[in-house]
>>> print(open('data.cif').read())   # mmCIF, C-alpha atoms
data_protein
#
loop_
_atom_site.label_atom_id
_atom_site.label_comp_id
_atom_site.auth_asym_id
_atom_site.auth_seq_id
_atom_site.Cartn_x
_atom_site.Cartn_y
_atom_site.Cartn_z
CA MET A 1 65.00 -25.66 150.20
CA ALA A 2 66.81 -25.66 146.85
CA SER A 3 70.14 -25.49 148.63
CA VAL A 4 69.21 -28.53 150.75
CA PHE A 5 68.32 -30.58 147.65
CA ALA A 6 71.60 -29.52 146.01
CA ALA A 7 73.55 -30.58 149.08
CA VAL A 8 71.84 -33.98 149.17
CA LEU A 9 72.53 -34.53 145.46
CA GLY A 10 76.14 -33.54 145.94
CA VAL A 11 76.58 -36.01 148.80
CA ASN A 12 75.05 -38.82 146.72
CA SER A 13 77.31 -38.00 143.78
CA LEU A 14 80.40 -38.05 145.99
CA ALA A 15 79.28 -41.34 147.53
CA VAL A 16 79.05 -42.98 144.10
CA GLN A 17 82.41 -41.57 143.04
CA ALA A 18 83.99 -42.81 146.27
CA GLN A 19 83.16 -46.45 145.64
CA ASP A 20 86.02 -48.79 146.47
CA PRO A 21 87.90 -49.36 143.16
CA ALA A 22 88.32 -53.01 144.12
CA THR A 23 84.53 -53.38 144.30
CA LEU A 24 84.10 -51.79 140.89
CA GLN A 25 86.74 -54.11 139.49
CA GLN A 26 84.90 -57.12 140.91
CA CYS A 27 81.76 -56.06 139.01
CA HIS A 28 83.82 -55.45 135.85
CA ASP A 29 85.24 -59.01 136.02
CA ILE A 30 81.80 -60.70 136.09
CA GLN A 31 81.22 -62.46 132.75
CA ASP A 32 77.42 -62.80 132.84
CA ALA A 33 75.79 -59.56 131.63
CA ALA A 34 72.79 -59.76 133.96
CA GLU A 35 74.91 -60.45 137.04
CA ARG A 36 77.33 -57.67 136.10
CA LEU A 37 74.46 -55.14 135.78
CA ALA A 38 72.98 -56.25 139.11
CA CYS A 39 76.40 -55.79 140.75
CA TYR A 40 76.71 -52.21 139.44
CA ASP A 41 73.15 -51.48 140.63
CA ARG A 42 73.97 -52.73 144.13
CA ILE A 43 77.10 -50.66 144.65
CA SER A 44 75.44 -47.51 143.24
CA ASP A 45 72.35 -48.03 145.48
CA ARG A 46 70.14 -47.99 142.38
CA THR A 47 68.14 -51.12 143.24
CA ALA A 48 65.25 -49.18 144.75
CA GLU A 49 64.98 -46.96 141.66
CA VAL A 50 64.33 -49.84 139.25
CA GLN A 51 61.73 -51.82 141.19
CA GLY A 52 59.12 -50.93 138.59
CA SER A 53 61.21 -52.26 135.67
CA PRO A 54 61.80 -55.91 134.66
CA SER A 55 64.07 -57.56 137.22
CA VAL A 56 66.86 -60.07 136.75
CA ASP A 57 67.42 -63.11 138.89
CA PRO A 58 71.16 -63.89 138.77
CA GLY A 59 70.42 -67.43 139.90
CA ASN A 60 68.67 -68.41 136.69
CA ALA A 61 69.64 -65.38 134.55
CA GLN A 62 65.98 -64.93 133.59
CA THR A 63 64.13 -61.61 133.37
CA THR A 64 60.47 -61.26 134.33
CA ASN A 65 59.51 -60.73 130.69
CA GLY A 66 61.03 -64.10 129.72
CA ALA A 67 64.26 -62.85 128.05
CA SER A 68 67.33 -64.75 129.20
CA SER A 69 70.74 -63.16 129.73
CA SER A 70 72.17 -65.46 127.03
CA GLU A 71 70.32 -63.26 124.52
CA VAL A 72 72.34 -60.29 125.77
CA GLN A 73 75.67 -62.02 125.26
CA PRO A 74 76.92 -62.57 121.70
CA SER A 75 76.94 -66.13 120.41
CA ILE A 76 80.18 -67.89 119.46
CA LEU A 77 79.93 -66.98 115.76
CA GLU A 78 78.53 -63.52 116.45
CA ALA A 79 81.55 -62.68 118.62
CA ALA A 80 84.11 -64.31 116.31
CA TRP A 81 82.81 -62.67 113.12
CA ARG A 82 81.64 -59.30 114.50
CA LEU A 83 78.06 -59.85 113.33
CA ASN A 84 76.46 -57.34 115.69
CA PRO A 85 75.48 -54.10 113.90
CA GLU A 86 77.23 -52.17 116.69
CA SER A 87 80.55 -53.97 116.13
CA GLU A 88 83.54 -52.24 114.57
CA ARG A 89 83.16 -52.00 110.81
CA TYR A 90 86.88 -52.38 110.13
CA SER A 91 88.51 -54.83 112.49
CA ILE A 92 91.46 -57.19 112.77
CA SER A 93 90.89 -60.34 114.79
CA MET A 94 92.04 -63.91 115.27
CA TYR A 95 91.05 -66.37 112.53
CA HIS A 96 92.10 -69.98 112.96
CA ALA A 97 93.78 -71.01 116.22
CA ASN A 98 96.97 -69.16 117.15
CA TYR A 99 99.33 -71.41 119.07
CA ILE A 100 102.84 -72.68 119.74
CA LEU A 101 103.62 -76.32 120.44
CA PRO A 102 107.21 -76.51 121.77
CA LEU A 103 106.86 -80.29 121.83
CA ARG A 104 105.28 -82.12 118.88
CA TYR A 105 105.97 -85.82 118.36
CA SER A 106 105.39 -87.83 115.15
CA ASN A 107 105.11 -91.60 115.12
CA ASP A 108 106.38 -91.82 111.51
CA VAL A 109 108.72 -89.06 110.34
CA ASN A 110 108.80 -88.34 106.61
CA ASN A 111 112.53 -88.54 105.88
CA GLN A 112 111.98 -88.47 102.11
CA PRO A 113 109.83 -85.41 101.42
CA PHE A 114 112.37 -84.22 98.88
CA SER A 115 113.20 -87.61 97.39
CA PRO A 116 113.39 -86.45 93.73
CA ILE A 117 116.19 -83.97 94.40
CA PHE A 118 117.99 -86.20 96.89
CA ASP A 119 117.86 -89.20 94.56
CA ALA A 120 119.20 -87.11 91.70
CA ALA A 121 122.13 -85.94 93.83
CA GLU A 122 122.57 -89.36 95.51
CA ILE A 123 122.27 -87.74 98.93
CA PRO A 124 121.09 -89.88 101.88
CA ASP A 125 117.68 -89.39 103.42
CA GLN A 126 117.20 -86.50 105.82
CA GLN A 127 117.82 -87.36 109.43
CA LEU A 128 114.80 -85.66 110.94
CA ASP A 129 113.93 -85.79 114.62
CA SER A 130 110.59 -87.26 115.58
CA THR A 131 110.15 -84.37 118.04
CA GLU A 132 110.04 -80.78 116.82
CA ALA A 133 108.20 -77.49 117.44
CA LYS A 134 105.11 -76.36 115.58
CA PHE A 135 103.37 -73.00 115.64
CA GLN A 136 100.63 -71.16 113.76
CA LEU A 137 99.69 -67.51 113.23
CA SER A 138 96.25 -66.71 111.79
CA LEU A 139 94.51 -63.33 111.42
CA LYS A 140 91.52 -61.94 109.53
CA ALA A 141 90.53 -58.36 108.77
CA ARG A 142 87.16 -57.00 107.68
CA VAL A 143 87.93 -54.29 105.14
CA TRP A 144 84.36 -53.42 104.16
CA SER A 145 80.82 -54.02 105.41
CA THR A 146 77.29 -52.69 105.15
CA ASP A 147 75.87 -50.61 107.98
CA ASP A 148 73.99 -53.58 109.42
CA ARG A 149 77.09 -55.84 109.07
CA ARG A 150 75.03 -58.29 107.01
CA TRP A 151 77.51 -58.16 104.12
CA GLY A 152 81.28 -58.01 104.57
CA LEU A 153 84.57 -58.33 102.72
CA TRP A 154 87.51 -59.99 104.45
CA LEU A 155 91.23 -60.57 104.02
CA ALA A 156 92.87 -63.40 105.97
CA TYR A 157 96.33 -64.86 106.42
CA THR A 158 97.44 -68.11 108.06
CA GLN A 159 101.01 -69.34 108.46
CA GLN A 160 102.04 -72.70 109.90
CA ASN A 161 105.65 -73.62 110.73
CA ASN A 162 107.32 -76.90 111.59
CA TRP A 163 110.72 -76.35 113.20
CA GLN A 164 113.40 -78.98 113.85
CA VAL A 165 114.56 -76.91 116.80
CA TYR A 166 116.09 -79.86 118.69
CA ASN A 167 118.00 -81.27 115.71
CA ASP A 168 121.49 -79.74 115.99
CA ALA A 169 122.89 -82.39 113.62
CA ILE A 170 121.29 -80.56 110.68
CA SER A 171 121.50 -77.03 112.15
CA ARG A 172 117.94 -76.83 113.52
CA PRO A 173 116.16 -75.85 110.26
CA PHE A 174 112.56 -74.86 109.66
CA ARG A 175 111.43 -78.10 108.06
CA GLU A 176 108.29 -76.68 106.49
CA THR A 177 106.42 -73.36 106.31
CA ASN A 178 102.95 -73.09 104.80
CA TYR A 179 101.40 -69.78 103.73
CA MET A 180 97.69 -69.30 103.13
CA PRO A 181 96.31 -65.86 102.14
CA GLU A 182 92.55 -65.62 101.47
CA ILE A 183 90.02 -63.08 100.26
CA PHE A 184 86.32 -63.71 100.74
CA GLY A 185 82.92 -62.17 101.19
CA SER A 186 80.50 -62.94 104.02
CA TYR A 187 76.74 -62.84 104.36
CA GLN A 188 74.85 -63.01 107.66
CA THR A 189 71.70 -65.15 107.58
CA ASP A 190 68.79 -65.93 109.89
CA LEU A 191 68.00 -69.46 108.72
CA ARG A 192 67.59 -72.62 110.77
CA ILE A 193 68.75 -76.04 109.51
CA ALA A 194 68.26 -79.32 111.39
CA GLY A 195 68.02 -77.55 114.73
CA LEU A 196 71.07 -75.36 114.05
CA ASP A 197 71.18 -71.64 113.33
CA LEU A 198 72.83 -70.87 110.00
CA ARG A 199 74.47 -67.58 110.94
CA LEU A 200 77.10 -67.05 108.27
CA ILE A 201 77.97 -67.86 104.64
CA ASN A 202 81.51 -67.14 103.43
CA PHE A 203 82.58 -67.41 99.79
CA GLY A 204 85.91 -66.61 98.18
CA TYR A 205 89.41 -67.58 97.10
CA SER A 206 92.26 -69.32 98.94
CA HIS A 207 95.89 -69.86 97.97
CA GLN A 208 98.14 -72.23 99.90
CA SER A 209 101.80 -73.00 99.28
CA ASN A 210 105.10 -73.76 100.99
CA GLY A 211 107.06 -71.11 99.12
CA ARG A 212 109.60 -73.58 97.72
CA THR A 213 110.93 -74.01 94.20
CA GLU A 214 110.79 -77.17 92.12
CA PRO A 215 111.02 -80.05 92.73
CA ILE A 216 109.95 -79.56 96.36
CA SER A 217 107.29 -76.93 95.69
CA ARG A 218 103.76 -77.56 96.96
CA SER A 219 100.82 -75.27 96.16
CA TRP A 220 97.18 -75.10 95.14
CA ASP A 221 94.43 -72.53 94.60
CA ARG A 222 90.78 -72.99 95.53
CA LEU A 223 87.37 -71.34 95.33
CA PHE A 224 85.31 -72.10 98.42
CA VAL A 225 81.94 -71.72 100.10
CA GLU A 226 81.74 -71.99 103.89
CA LEU A 227 78.73 -72.31 106.18
CA GLY A 228 78.78 -71.22 109.82
CA LEU A 229 76.21 -72.93 112.05
CA GLU A 230 75.74 -72.94 115.79
CA ARG A 231 73.53 -73.91 118.68
CA GLU A 232 74.22 -72.71 122.21
CA ASN A 233 77.82 -73.80 123.02
CA LEU A 234 78.40 -75.64 119.73
CA ALA A 235 79.70 -74.01 116.52
CA LEU A 236 80.35 -75.64 113.15
CA MET A 237 82.23 -74.37 110.10
CA LEU A 238 81.64 -76.48 107.00
CA ARG A 239 83.78 -75.61 103.96
CA PHE A 240 83.44 -76.92 100.39
CA TRP A 241 86.01 -76.10 97.73
CA LYS A 242 86.80 -76.49 94.07
CA ARG A 243 90.45 -76.62 93.08
CA ILE A 244 91.55 -74.26 90.32
CA GLU A 245 93.32 -76.61 87.94
CA GLU A 246 96.85 -75.90 86.72
CA SER A 247 98.62 -77.04 83.59
CA GLU A 248 100.36 -80.38 83.86
CA SER A 249 103.79 -78.76 83.58
CA ASP A 250 103.08 -76.31 86.42
CA ASP A 251 101.28 -78.63 88.82
CA ASP A 252 103.61 -79.66 91.66
CA ASN A 253 101.03 -81.89 93.36
CA ALA A 254 98.44 -83.00 90.84
CA ASP A 255 96.97 -85.63 93.19
CA ILE A 256 96.58 -83.41 96.26
CA SER A 257 92.76 -83.68 96.18
CA ASP A 258 93.09 -87.45 96.61
CA TYR A 259 94.37 -86.76 100.13
CA TYR A 260 92.75 -83.45 101.15
CA GLY A 261 89.42 -84.12 99.49
CA HIS A 262 86.88 -81.44 98.61
CA SER A 263 85.46 -80.41 101.99
CA GLU A 264 86.34 -79.87 105.61
CA LEU A 265 84.31 -79.77 108.82
CA LYS A 266 85.41 -77.91 111.93
CA ALA A 267 83.38 -78.41 115.11
CA TYR A 268 83.88 -76.41 118.27
CA TYR A 269 82.35 -76.82 121.72
CA ARG A 270 82.87 -74.43 124.63
CA TRP A 271 82.08 -75.20 128.26
CA GLY A 272 80.86 -72.56 130.67
CA SER A 273 84.14 -72.87 132.54
CA GLY A 274 86.04 -71.52 129.52
CA ASP A 275 87.56 -74.80 128.31
CA SER A 276 86.89 -75.76 124.70
CA LEU A 277 87.22 -78.73 122.36
CA ALA A 278 87.91 -78.42 118.61
CA LEU A 279 87.56 -81.11 115.95
CA MET A 280 88.66 -80.96 112.30
CA THR A 281 87.99 -83.67 109.74
CA ARG A 282 88.46 -83.82 105.97
CA GLY A 283 89.00 -86.45 103.30
CA ASN A 284 88.18 -87.98 99.98
CA LEU A 285 85.58 -90.75 100.10
CA SER A 286 86.58 -92.13 96.70
CA THR A 287 90.20 -92.71 97.77
CA GLY A 288 89.57 -93.44 101.44
CA LYS A 289 92.26 -90.95 102.47
CA GLY A 290 91.87 -88.02 104.82
CA ALA A 291 92.72 -86.67 108.26
CA VAL A 292 91.29 -85.83 111.65
CA GLN A 293 92.59 -83.37 114.24
CA LEU A 294 91.42 -82.99 117.83
CA GLY A 295 92.40 -80.10 120.08
CA TRP A 296 91.70 -79.28 123.71
CA PHE A 297 92.05 -75.67 124.91
CA SER A 298 92.06 -74.86 128.61
CA ARG A 299 90.47 -71.73 130.02
CA PRO A 300 92.85 -68.71 129.95
CA PHE A 301 95.24 -68.90 132.88
CA ILE A 302 98.01 -66.40 132.06
CA GLY A 303 96.29 -63.35 130.60
CA PRO A 304 94.78 -64.62 127.31
CA LEU A 305 97.08 -67.67 127.13
CA ARG A 306 95.50 -71.12 127.26
CA GLY A 307 96.97 -74.58 127.58
CA TYR A 308 96.66 -76.52 124.31
CA VAL A 309 96.93 -80.19 123.38
CA GLN A 310 96.69 -81.18 119.69
CA VAL A 311 96.38 -84.68 118.18
CA PHE A 312 96.51 -85.18 114.40
CA SER A 313 96.16 -88.43 112.44
CA GLY A 314 96.11 -88.93 108.68
CA TYR A 315 97.46 -87.24 105.57
CA GLY A 316 98.54 -83.66 105.04
CA GLU A 317 99.48 -82.22 108.41
CA SER A 318 101.63 -79.89 106.30
CA MET A 319 101.81 -79.45 102.54
CA ILE A 320 105.16 -81.18 102.19
CA ASP A 321 103.51 -84.19 103.85
CA TYR A 322 100.25 -84.02 101.87
CA ASN A 323 100.64 -87.66 100.78
CA TRP A 324 102.26 -88.90 104.01
CA ASN A 325 100.29 -90.67 106.75
CA GLN A 326 101.31 -90.03 110.35
CA THR A 327 99.98 -89.44 113.85
CA THR A 328 101.32 -86.50 115.84
CA VAL A 329 100.78 -85.26 119.38
CA GLY A 330 101.71 -81.74 120.50
CA ILE A 331 101.45 -79.76 123.71
CA GLY A 332 101.88 -76.06 124.27
CA LEU A 333 100.09 -72.72 124.56
CA ALA A 334 97.38 -71.02 122.50
CA LEU A 335 96.52 -67.34 122.19
CA SER A 336 93.14 -68.14 120.59
CA ASP A 337 91.08 -71.27 120.02
CA GLY A 338 89.90 -70.61 116.47
CA PHE A 339 86.62 -68.85 117.38
#
>>> encode(input="data.cif", output="structure tokens")
Amino acid sequence: MASVFAAVLGVNSLAVQAQDPATLQQCHDIQDAAERLACYDRISDRTAEVQGSPSVDPGNAQTTNGASSSEVQPSILEAAWRLNPESERYSISMYHANYILPLRYSNDVNNQPFSPIFDAAEIPDQQLDSTEAKFQLSLKARVWSTDDRRWGLWLAYTQQNNWQVYNDAISRPFRETNYMPEIFGSYQTDLRIAGLDLRLINFGYSHQSNGRTEPISRSWDRLFVELGLERENLALMLRFWKRIEESESDDDNADISDYYGHSELKAYYRWGSGDSLALMTRGNLSTGKGAVQLGWFSRPFIGPLRGYVQVFSGYGESMIDYNWNQTTVGIGLALSDGF
């Protein structure tokens, strides 16, 4: 009798191991956690074994005890900021959106960003093309956290480049490069504000500059507090900052706060299909100056690559243009959508 049971168990084991790899891959590709589990149960013939346990209806993703599958999946902020206690303690991940716009058009090119030096040398204005390329690289790394991931310490780096790649008349230069390293702490909360879940509070230091020397240098340093809120498919990041003042002789852009203001709101909405919409707005109410940026990201269609369309209007698309008003439209590809 024992040998019969052993034979039966051996046959069952071989049957599971002999599953068609294509079928296993189909289950692996299912995004919804409940549907993915049900798929694995079906191909392993485990359905009959779990009749006594809470069942899952893939049609409405609702278990018999009332817990929905959305509770199994991480939220937008939870996934972006590794808030789950089981997440990697030390991790490197995307920060702001990572993208390349091979085509970016400006309706009003700033041909005099370096006017002080050009005027002094009596050199004509730059002959910039209205169409150029723009790309951004942005990463963050958690370098310390508590066991429950409630507290964390992060390093981040963002670099944005504007490239006159089509302008052979002036040797296709990089028109502007902005560098922004940051160091900040994070705290995970469980509060609810105006129907939104306050999931995250960041606080730290940010430096931003274009790496140039006088008189075309642009830079500033800030202390900031940032709130991360969300509800279902909507996520908000609201940042407030205080500029660290410099001496008058060292300040290359003393009036930069007149254009960038003291706060910034980023809103992000993701559809179930994988497409997403991102909105950024900032400004100074006392001066009436600011900016708005709208981005549309398609669902991934070549590996992780998404289609990306970006529209910007206002002041400060780059630091060299912090006091220049323009509207730009760019189209290209994105590796991440900022969350």
>>> axis_aligned_box(input="data.cif", around="region 131-148 of chain A", padding_each_side="5 Å", output="JSON")
{"center_x": 92.1, "center_y": -67.5, "center_z": 111.1, "size_x": 46.2, "size_y": 43.8, "size_z": 23.9}
>>> resolve_selection(input="data.cif", expression="the PyMOL selection byres ((chain A and resi 157) around 8)", output="list in words")
Ser138, Leu139, Lys140, Leu155, Ala156, Thr158, Gln159, Tyr179, Met180, Pro181 and Glu182 of chain A
>>> closest_atom_pairs(input="data.cif", of="region 223-272 of chain A", to="region 70-87 of chain A", cutoff="12 Å", atoms="all atoms listed in the file", output="CSV")
residue,atom,partner,partner_atom,distance
A:Leu227,CA,A:Leu77,CA,11.0
A:Gly228,CA,A:Leu77,CA,7.4
A:Leu229,CA,A:Leu77,CA,7.9
A:Glu230,CA,A:Leu77,CA,7.3
A:Arg231,CA,A:Ser75,CA,8.7
A:Glu232,CA,A:Ser75,CA,7.3
A:Asn233,CA,A:Ile76,CA,7.3
A:Leu234,CA,A:Ile76,CA,8.0
A:Ala235,CA,A:Ile76,CA,6.8
A:Leu236,CA,A:Leu77,CA,9.1
A:Met237,CA,A:Leu77,CA,9.6
A:Ala267,CA,A:Ile76,CA,11.8
A:Tyr268,CA,A:Ile76,CA,9.4
A:Tyr269,CA,A:Ile76,CA,9.5
A:Arg270,CA,A:Ile76,CA,8.8
A:Trp271,CA,A:Ile76,CA,11.6
A:Gly272,CA,A:Ser70,CA,11.8
>>> closest_residue(input="data.cif", among="A:Gly295, A:Gly185, A:Pro113, A:Pro173", to="Ser145 (chain A)", atoms="all atoms listed in the file")
A:Gly185
>>> resolve_selection(input="data.cif", expression="the PyMOL selection byres ((chain A and resi 243) around 6)", output="JSON, numbers by chain")
{"A": [221, 222, 242, 244, 245]}
>>> resolve_selection(input="data.cif", expression="the PyMOL selection byres ((chain A and resi 205) around 8)", output="VMD selection string")
chain A and resid 182 to 184 203 to 204 206 to 207 221 to 224
